[in-house]
Amino acid sequence: MKLASPTPRQITGAAIAAAIALLLPLLVPVPQHLPWEAIPGFYAIYGVVGCGALVVFTKWLGRVLLIRPEGWYRDDVDRDEERA
Amino acid sequence: MSILVPPALLLVAGAAVVALVPRAARCAITVLLPLLTLAYAATALPAGTTVSHPFMSYTLEVVRSDRLALLFAGIFCVTSALAALYAWHENDVTQQVTSLLYTAGALGVTFAGDLLTLYVFWELMAVTAAVLVWCGGTRAANRAGTRYLLFHLAGGAVLLAGIVLHVQASGSLRFDAFAPDASTLGSWLILAGFCVNAAVPPLHAWLPDSYPRATVAGTVLLAALTTKTAVYALLRGFPGWEILVPLGVLMALYGVVYAVLASDLRGLLSYHIISQVGYMLVGAGIGTEIAINGAAAHAVNNLLYKGLLFMCVGAVIVTTGRGNLADLGGLRRRQPVLLALYMIGAFSISGFPLWNGFFSKGMVLTAAGEAHHEWTFLLLTLASVGTFLSVGLKLPYFAWFGADRDIRPRQVPPSMLAAAAIAAFLCTLLGVVPDLLYRFLPYANEYQAYTAGHAIETVQLLLFTGFAFFLLLPNLSVARKTLLDVDVLYRKSAPVLRTLLVGGVDAAFGTVQAAADWLARAATEALRDPTAWFAERRRRGSPDFDPDRSRPPLLTPLLLTIATFVFIAVALLSWSRP
């Protein structure tokens, strides 16, 4: 599927949102509970990497193993549809 | 002393009433009855109340009320009422009666103080849920409902076996927490029985197999009760069982992987139930006060936003007649209200600040961090990413945005919209004022959700997940498909097993039968007329048999007799003549 390229306004909006989310911890002190929270913007990186990994992994897993054509189980199809 | 009625029996009686009253009154009763039951339970059964009956040499505690039971019973009643409101326009008496009985089962389990009561209501839930699946009315629903029933009866049998072993060993029917360091075969079997209903892989395939095939209203209730009743049972019976932590992480990830792949609207959300229940299992497995609180709060929140999500996609299915993302797209201008309500559910389930998933997910994660389950924390956060990706981005993008397929949906029935709006309101209300829920949690709450750190980290995580989604969008596609899962083992193996167990045995019996028949026939033929054996001998080789010529044995004695008479006659005559 072809994605409509984003308008300049959408890009600007996204950039502003990203900047706020990344720079806010510099203004507000954020206590660190867990070791990786010392990395600035760890959760932003984790979101991007995690999302990418999930998409790539599930796509691969679907291709090699999980995806079968519709109606692969014959009793998923109603008899009327089967006849037609 | 007043007699206290178990809340489940109120609903069972109500189900009987609903079956008998006129059409017009049925809907209202189905909506109001769970709420009245909730009011009754909250006033007449405060924490600490018990109702027990002697039964043979044991004591049945049909009601044991405490904070955990009241919390779950309360949210079960609210969800049941919302689902009934959502189904108002259908006014199908079978579903109304079954829904009330199903809710009665859930309440019976929730208030059960002993294992036998729990087991009886557990099975009531299995049967009524199967009926709700059958109400879907298609051939696929019919078959899936039967599979559901068989699977859950098997799970129930495991549970019962565990209960019998446990009672034999301990001598008591009471349902208390099993000690993790003194596990017996009985407690493991009970745990396995609970895990069937909690849809723990690999015992989960009944869920995405059956839920998408019920009616849209049926799915809303099904998605709410069975798994969350199992979560309740695990929280009560198995807190602190370490095995639940890895199982919960497995569920959280397993569910999102399939949700990212799925393209059937209700199939996607059904797989996502498994992911959500995973968080609750982690909470139960960690077993600290904040973990139990978090799991319970997450169950309550989940019932609200998952119900809301199922209500919205159900409305799309009813108004467009399409249930697959591959056939949908571009509905945002025609169904903006549904989109808005759906997104409230999606933000809640993804854990955005201001919505209720934010604090319950945070509680479970904080519990994992405090208990030094670092990997659990990271993997559950990954599951959060997958949640937002599948439920918050993929589904709404391909249903309401994406390619415009020029679909003209019908008007959404107002009862559906009303139910979804109430659920959305509750999600937002609890999200903004989490104290409303904190005070009902089983333990005193010290967790505060709205800290700058938690909010900023969550926003970073979800915002950048969103950016990655839009970058990867060209790689995502939706198509009509079948997703393989472990149910392939019992759905596709049927022909093999049938050949082996039925066909093989049939063939063996058939052969023996044929041989026996042949033997009997041959023996009867042979023994019918023994004289024929000799005739047969002679007949052989001469098809044109002439009986007149074939009687020498008769002719010879006749001739001999006549000859003898003649001889005697001649002899006498000659002798008598002097």
# chains A, B, ... in the order shown; residues from 1 in each chain; ligands from 1
>>> interface_residues(of="chain A", to="chain B", cutoff="7 Å", atoms="only C-alpha atoms", output="PyMOL selection string")
chain A and resi 1-3+21+30-31+43-44+46-48+50-52+54+58+66-72+75-78
>>> write_last_selection(atoms="N, CA, C and O atoms", output="short mmCIF file (atom, residue, chain, number, x, y, z; two decimals), in the first residue's frame")
data_model
loop_
_atom_site.label_atom_id
_atom_site.label_comp_id
_atom_site.auth_asym_id
_atom_site.auth_seq_id
_atom_site.Cartn_x
_atom_site.Cartn_y
_atom_site.Cartn_z
N MET A 1 0.83 -1.20 0.00
CA MET A 1 0.00 0.00 0.00
C MET A 1 0.87 1.26 0.00
O MET A 1 1.87 1.31 0.68
N LYS A 2 0.45 2.24 -0.77
CA LYS A 2 1.26 3.46 -0.87
C LYS A 2 0.78 4.44 0.19
O LYS A 2 -0.42 4.67 0.36
N LEU A 3 1.74 5.00 0.88
CA LEU A 3 1.39 5.94 1.94
C LEU A 3 1.42 7.35 1.38
O LEU A 3 2.37 7.75 0.71
N ALA A 21 8.83 15.91 24.24
CA ALA A 21 8.96 14.67 25.00
C ALA A 21 10.40 14.40 25.37
O ALA A 21 10.69 13.88 26.45
N VAL A 30 13.63 13.84 36.91
CA VAL A 30 13.00 12.53 36.85
C VAL A 30 13.83 11.57 37.68
O VAL A 30 15.00 11.35 37.38
N PRO A 31 13.25 11.01 38.74
CA PRO A 31 14.04 10.06 39.55
C PRO A 31 14.31 8.78 38.76
O PRO A 31 13.49 8.35 37.97
N TYR A 43 13.43 5.53 26.70
CA TYR A 43 12.13 4.98 26.32
C TYR A 43 11.75 5.35 24.89
O TYR A 43 11.06 4.59 24.21
N ALA A 44 12.22 6.51 24.42
CA ALA A 44 11.98 6.87 23.02
C ALA A 44 12.69 5.89 22.10
O ALA A 44 12.11 5.37 21.12
N TYR A 46 13.62 2.89 22.89
CA TYR A 46 13.00 1.57 23.08
C TYR A 46 11.71 1.48 22.26
O TYR A 46 11.41 0.43 21.68
N GLY A 47 10.96 2.58 22.20
CA GLY A 47 9.72 2.58 21.42
C GLY A 47 9.98 2.35 19.95
O GLY A 47 9.34 1.51 19.31
N VAL A 48 10.94 3.08 19.41
CA VAL A 48 11.25 2.95 17.98
C VAL A 48 11.80 1.56 17.68
O VAL A 48 11.30 0.85 16.78
N GLY A 50 11.68 -1.19 19.54
CA GLY A 50 10.70 -2.24 19.84
C GLY A 50 9.66 -2.36 18.76
O GLY A 50 9.32 -3.46 18.32
N CYS A 51 9.13 -1.22 18.31
CA CYS A 51 8.11 -1.23 17.28
C CYS A 51 8.67 -1.84 15.99
O CYS A 51 8.03 -2.71 15.38
N GLY A 52 9.87 -1.39 15.62
CA GLY A 52 10.49 -1.92 14.40
C GLY A 52 10.72 -3.41 14.52
O GLY A 52 10.39 -4.19 13.61
N LEU A 54 9.21 -5.59 16.42
CA LEU A 54 7.96 -6.35 16.42
C LEU A 54 7.40 -6.48 15.01
O LEU A 54 6.95 -7.56 14.60
N THR A 58 7.25 -10.15 13.43
CA THR A 58 5.95 -10.78 13.17
C THR A 58 5.75 -11.01 11.68
O THR A 58 5.18 -12.01 11.28
N LEU A 66 3.06 -18.81 10.10
CA LEU A 66 1.72 -18.70 10.68
C LEU A 66 0.61 -18.41 9.69
O LEU A 66 -0.54 -18.74 9.95
N ILE A 67 0.92 -17.77 8.56
CA ILE A 67 -0.18 -17.31 7.71
C ILE A 67 -0.56 -18.39 6.71
O ILE A 67 0.28 -18.94 6.00
N ARG A 68 -1.84 -18.69 6.68
CA ARG A 68 -2.41 -19.62 5.72
C ARG A 68 -3.57 -18.90 5.02
O ARG A 68 -4.10 -17.94 5.55
N PRO A 69 -3.95 -19.39 3.83
CA PRO A 69 -5.05 -18.69 3.15
C PRO A 69 -6.36 -18.79 3.92
O PRO A 69 -6.53 -19.68 4.75
N GLU A 70 -7.26 -17.87 3.60
CA GLU A 70 -8.56 -17.88 4.25
C GLU A 70 -9.29 -19.18 3.91
O GLU A 70 -9.18 -19.68 2.80
N GLY A 71 -10.03 -19.72 4.88
CA GLY A 71 -10.76 -20.95 4.64
C GLY A 71 -9.87 -22.18 4.70
O GLY A 71 -10.23 -23.24 4.22
N TRP A 72 -8.70 -22.02 5.31
CA TRP A 72 -7.77 -23.15 5.43
C TRP A 72 -8.38 -24.23 6.31
O TRP A 72 -8.24 -25.42 6.04
N ASP A 75 -14.07 -25.89 8.33
CA ASP A 75 -15.29 -25.57 9.08
C ASP A 75 -15.36 -24.11 9.50
O ASP A 75 -16.27 -23.71 10.20
N ASP A 76 -14.41 -23.28 9.06
CA ASP A 76 -14.55 -21.84 9.24
C ASP A 76 -15.49 -21.26 8.21
O ASP A 76 -16.02 -20.16 8.36
N VAL A 77 -15.65 -21.99 7.11
CA VAL A 77 -16.44 -21.47 6.00
C VAL A 77 -17.86 -21.99 6.15
O VAL A 77 -18.06 -23.17 6.43
N ASP A 78 -18.82 -21.10 5.97
CA ASP A 78 -20.20 -21.54 6.05
C ASP A 78 -20.55 -22.35 4.81
O ASP A 78 -20.03 -22.11 3.74
#
>>> select_by_dssp(residues="chain A", states="helix (DSSP H, G or I)", output="ChimeraX atom specification")
/A:8-27,35-38,42-66,74-76,79-83
>>> closest_residue(among="A:Trp60, A:Leu22, A:Tyr73, A:Gly13", to="A:Gly41", atoms="only C-alpha atoms")
A:Leu22
>>> residues_around(residues="B:Ala371", least_positions_apart="5", cutoff="12 Å", atoms="only C-alpha atoms", output="short mmCIF file (atom, residue, chain, number, x, y, z; two decimals) with all heavy atoms, in the first residue's frame")
data_model
loop_
_atom_site.label_atom_id
_atom_site.label_comp_id
_atom_site.auth_asym_id
_atom_site.auth_seq_id
_atom_site.Cartn_x
_atom_site.Cartn_y
_atom_site.Cartn_z
N HIS A 33 14.89 4.85 38.79
CA HIS A 33 14.73 3.65 39.60
C HIS A 33 15.52 2.49 39.02
O HIS A 33 15.99 1.63 39.73
CB HIS A 33 13.25 3.26 39.66
CG HIS A 33 12.39 4.35 40.19
ND1 HIS A 33 12.40 4.72 41.50
CD2 HIS A 33 11.49 5.17 39.58
CE1 HIS A 33 11.54 5.71 41.69
NE2 HIS A 33 10.97 6.01 40.54
N LEU A 34 15.62 2.48 37.71
CA LEU A 34 16.17 1.30 37.05
C LEU A 34 17.42 1.71 36.28
O LEU A 34 17.52 2.85 35.82
CB LEU A 34 15.12 0.70 36.11
CG LEU A 34 13.92 0.13 36.88
CD1 LEU A 34 12.70 0.00 35.98
CD2 LEU A 34 14.26 -1.21 37.50
N GLY B 240 2.27 -15.18 44.46
CA GLY B 240 3.66 -15.47 44.79
C GLY B 240 4.21 -16.73 44.15
O GLY B 240 5.33 -17.13 44.45
N GLU B 242 6.14 -18.19 41.54
CA GLU B 242 7.10 -17.58 40.60
C GLU B 242 6.83 -17.99 39.15
O GLU B 242 7.08 -17.22 38.24
CB GLU B 242 8.52 -17.99 40.99
CG GLU B 242 9.08 -17.21 42.16
CD GLU B 242 9.53 -15.81 41.76
OE1 GLU B 242 10.05 -15.68 40.63
OE2 GLU B 242 9.32 -14.87 42.54
N VAL B 245 5.19 -15.60 36.65
CA VAL B 245 5.85 -14.43 36.07
C VAL B 245 6.31 -14.71 34.64
O VAL B 245 5.90 -14.00 33.71
CB VAL B 245 7.01 -13.96 36.97
CG1 VAL B 245 7.75 -12.81 36.31
CG2 VAL B 245 6.49 -13.55 38.34
N VAL B 282 1.61 -11.75 35.77
CA VAL B 282 2.87 -11.28 36.34
C VAL B 282 2.62 -10.72 37.74
O VAL B 282 3.35 -11.04 38.69
CB VAL B 282 3.52 -10.22 35.43
CG1 VAL B 282 4.66 -9.54 36.14
CG2 VAL B 282 4.00 -10.85 34.14
N GLY B 283 1.55 -9.94 37.87
CA GLY B 283 1.20 -9.38 39.18
C GLY B 283 0.97 -10.48 40.20
O GLY B 283 1.50 -10.45 41.32
N GLY B 285 2.06 -13.52 40.08
CA GLY B 285 3.29 -14.27 40.31
C GLY B 285 4.26 -13.55 41.23
O GLY B 285 4.93 -14.17 42.04
N ILE B 286 4.33 -12.21 41.11
CA ILE B 286 5.22 -11.46 42.01
C ILE B 286 4.66 -11.51 43.43
O ILE B 286 5.39 -11.74 44.39
CB ILE B 286 5.38 -10.01 41.51
CG1 ILE B 286 6.14 -10.02 40.18
CG2 ILE B 286 6.12 -9.16 42.53
CD1 ILE B 286 6.21 -8.68 39.51
N GLY B 287 3.34 -11.30 43.54
CA GLY B 287 2.66 -11.59 44.79
C GLY B 287 2.83 -10.58 45.91
O GLY B 287 2.31 -10.79 47.00
N THR B 288 3.57 -9.47 45.69
CA THR B 288 3.65 -8.45 46.73
C THR B 288 2.34 -7.66 46.76
O THR B 288 1.49 -7.80 45.87
CB THR B 288 4.80 -7.48 46.44
OG1 THR B 288 4.60 -6.97 45.11
CG2 THR B 288 6.14 -8.18 46.48
N GLU B 289 2.17 -6.82 47.77
CA GLU B 289 0.90 -6.10 47.90
C GLU B 289 0.65 -5.22 46.69
O GLU B 289 -0.45 -5.19 46.14
CB GLU B 289 0.91 -5.27 49.19
CG GLU B 289 0.84 -6.14 50.42
CD GLU B 289 0.48 -5.36 51.67
OE1 GLU B 289 0.38 -4.11 51.57
OE2 GLU B 289 0.28 -5.99 52.72
N ILE B 290 1.69 -4.50 46.24
CA ILE B 290 1.48 -3.60 45.10
C ILE B 290 1.23 -4.42 43.83
O ILE B 290 0.44 -4.02 42.96
CB ILE B 290 2.68 -2.63 44.92
CG1 ILE B 290 2.37 -1.67 43.77
CG2 ILE B 290 3.98 -3.34 44.69
CD1 ILE B 290 3.39 -0.59 43.58
N ALA B 291 1.83 -5.61 43.74
CA ALA B 291 1.62 -6.43 42.55
C ALA B 291 0.19 -6.95 42.50
O ALA B 291 -0.45 -6.92 41.44
CB ALA B 291 2.61 -7.61 42.55
N VAL B 364 1.79 -2.59 37.92
CA VAL B 364 2.39 -3.89 37.67
C VAL B 364 3.88 -3.72 37.35
O VAL B 364 4.73 -4.45 37.86
CB VAL B 364 1.66 -4.63 36.53
CG1 VAL B 364 2.37 -5.92 36.19
CG2 VAL B 364 0.22 -4.91 36.91
N LEU B 365 4.19 -2.70 36.52
CA LEU B 365 5.60 -2.48 36.15
C LEU B 365 6.43 -2.08 37.35
O LEU B 365 7.56 -2.55 37.53
CB LEU B 365 5.68 -1.42 35.06
CG LEU B 365 5.26 -1.90 33.66
CD1 LEU B 365 5.26 -0.75 32.67
CD2 LEU B 365 6.17 -3.01 33.17
N THR B 366 5.86 -1.19 38.19
CA THR B 366 6.59 -0.79 39.39
C THR B 366 6.84 -1.99 40.29
O THR B 366 7.93 -2.16 40.85
CB THR B 366 5.79 0.28 40.16
OG1 THR B 366 5.51 1.34 39.25
CG2 THR B 366 6.57 0.81 41.34
N THR B 376 11.56 -8.82 33.18
CA THR B 376 10.10 -8.77 33.12
C THR B 376 9.65 -7.35 32.79
O THR B 376 8.79 -7.14 31.93
CB THR B 376 9.52 -9.22 34.47
OG1 THR B 376 10.03 -10.51 34.76
CG2 THR B 376 8.02 -9.24 34.44
N PHE B 377 10.27 -6.38 33.47
CA PHE B 377 9.92 -4.97 33.23
C PHE B 377 10.12 -4.61 31.76
O PHE B 377 9.23 -4.05 31.11
CB PHE B 377 10.79 -4.10 34.14
CG PHE B 377 10.48 -2.63 34.05
CD1 PHE B 377 9.69 -2.02 35.03
CD2 PHE B 377 10.96 -1.85 33.01
CE1 PHE B 377 9.40 -0.68 34.95
CE2 PHE B 377 10.66 -0.50 32.92
CZ PHE B 377 9.88 0.09 33.90
#
>>> residues_around(residues="B:Leu160", least_positions_apart="6", cutoff="9 Å", atoms="only C-alpha atoms", output="PyMOL selection string")
chain B and resi 115-116+119+189-190+193
>>> write_last_selection(atoms="N, CA, C and O atoms", output="PDB file, in the first residue's frame")
ATOM      1  N   LEU B 115     -13.700 -25.083  47.478  1.00  0.00           N
ATOM      2  CA  LEU B 115     -13.344 -25.484  46.119  1.00  0.00           C
ATOM      3  C   LEU B 115     -14.495 -26.157  45.380  1.00  0.00           C
ATOM      4  O   LEU B 115     -14.576 -26.087  44.156  1.00  0.00           O
ATOM      5  N   LEU B 116     -15.416 -26.781  46.120  1.00  0.00           N
ATOM      6  CA  LEU B 116     -16.516 -27.459  45.431  1.00  0.00           C
ATOM      7  C   LEU B 116     -17.477 -26.425  44.841  1.00  0.00           C
ATOM      8  O   LEU B 116     -17.905 -26.538  43.680  1.00  0.00           O
ATOM      9  N   TYR B 119     -15.934 -25.028  41.839  1.00  0.00           N
ATOM     10  CA  TYR B 119     -15.967 -25.934  40.689  1.00  0.00           C
ATOM     11  C   TYR B 119     -17.334 -25.918  40.015  1.00  0.00           C
ATOM     12  O   TYR B 119     -17.438 -25.856  38.781  1.00  0.00           O
ATOM     13  N   LEU B 189      -2.410 -29.337  39.633  1.00  0.00           N
ATOM     14  CA  LEU B 189      -3.537 -29.607  38.734  1.00  0.00           C
ATOM     15  C   LEU B 189      -4.573 -28.478  38.817  1.00  0.00           C
ATOM     16  O   LEU B 189      -5.154 -28.083  37.801  1.00  0.00           O
ATOM     17  N   ILE B 190      -4.793 -27.968  40.024  1.00  0.00           N
ATOM     18  CA  ILE B 190      -5.725 -26.838  40.163  1.00  0.00           C
ATOM     19  C   ILE B 190      -5.181 -25.647  39.384  1.00  0.00           C
ATOM     20  O   ILE B 190      -5.916 -24.965  38.650  1.00  0.00           O
ATOM     21  N   GLY B 193      -5.834 -26.139  35.783  1.00  0.00           N
ATOM     22  CA  GLY B 193      -7.241 -25.879  35.474  1.00  0.00           C
ATOM     23  C   GLY B 193      -7.517 -24.391  35.371  1.00  0.00           C
ATOM     24  O   GLY B 193      -8.216 -23.925  34.462  1.00  0.00           O
TER      25      GLY B 193
END
>>> atom_distance(atom1="atom CA of B:Val109", atom2="atom CA of B:Ala230")
9.1 Å
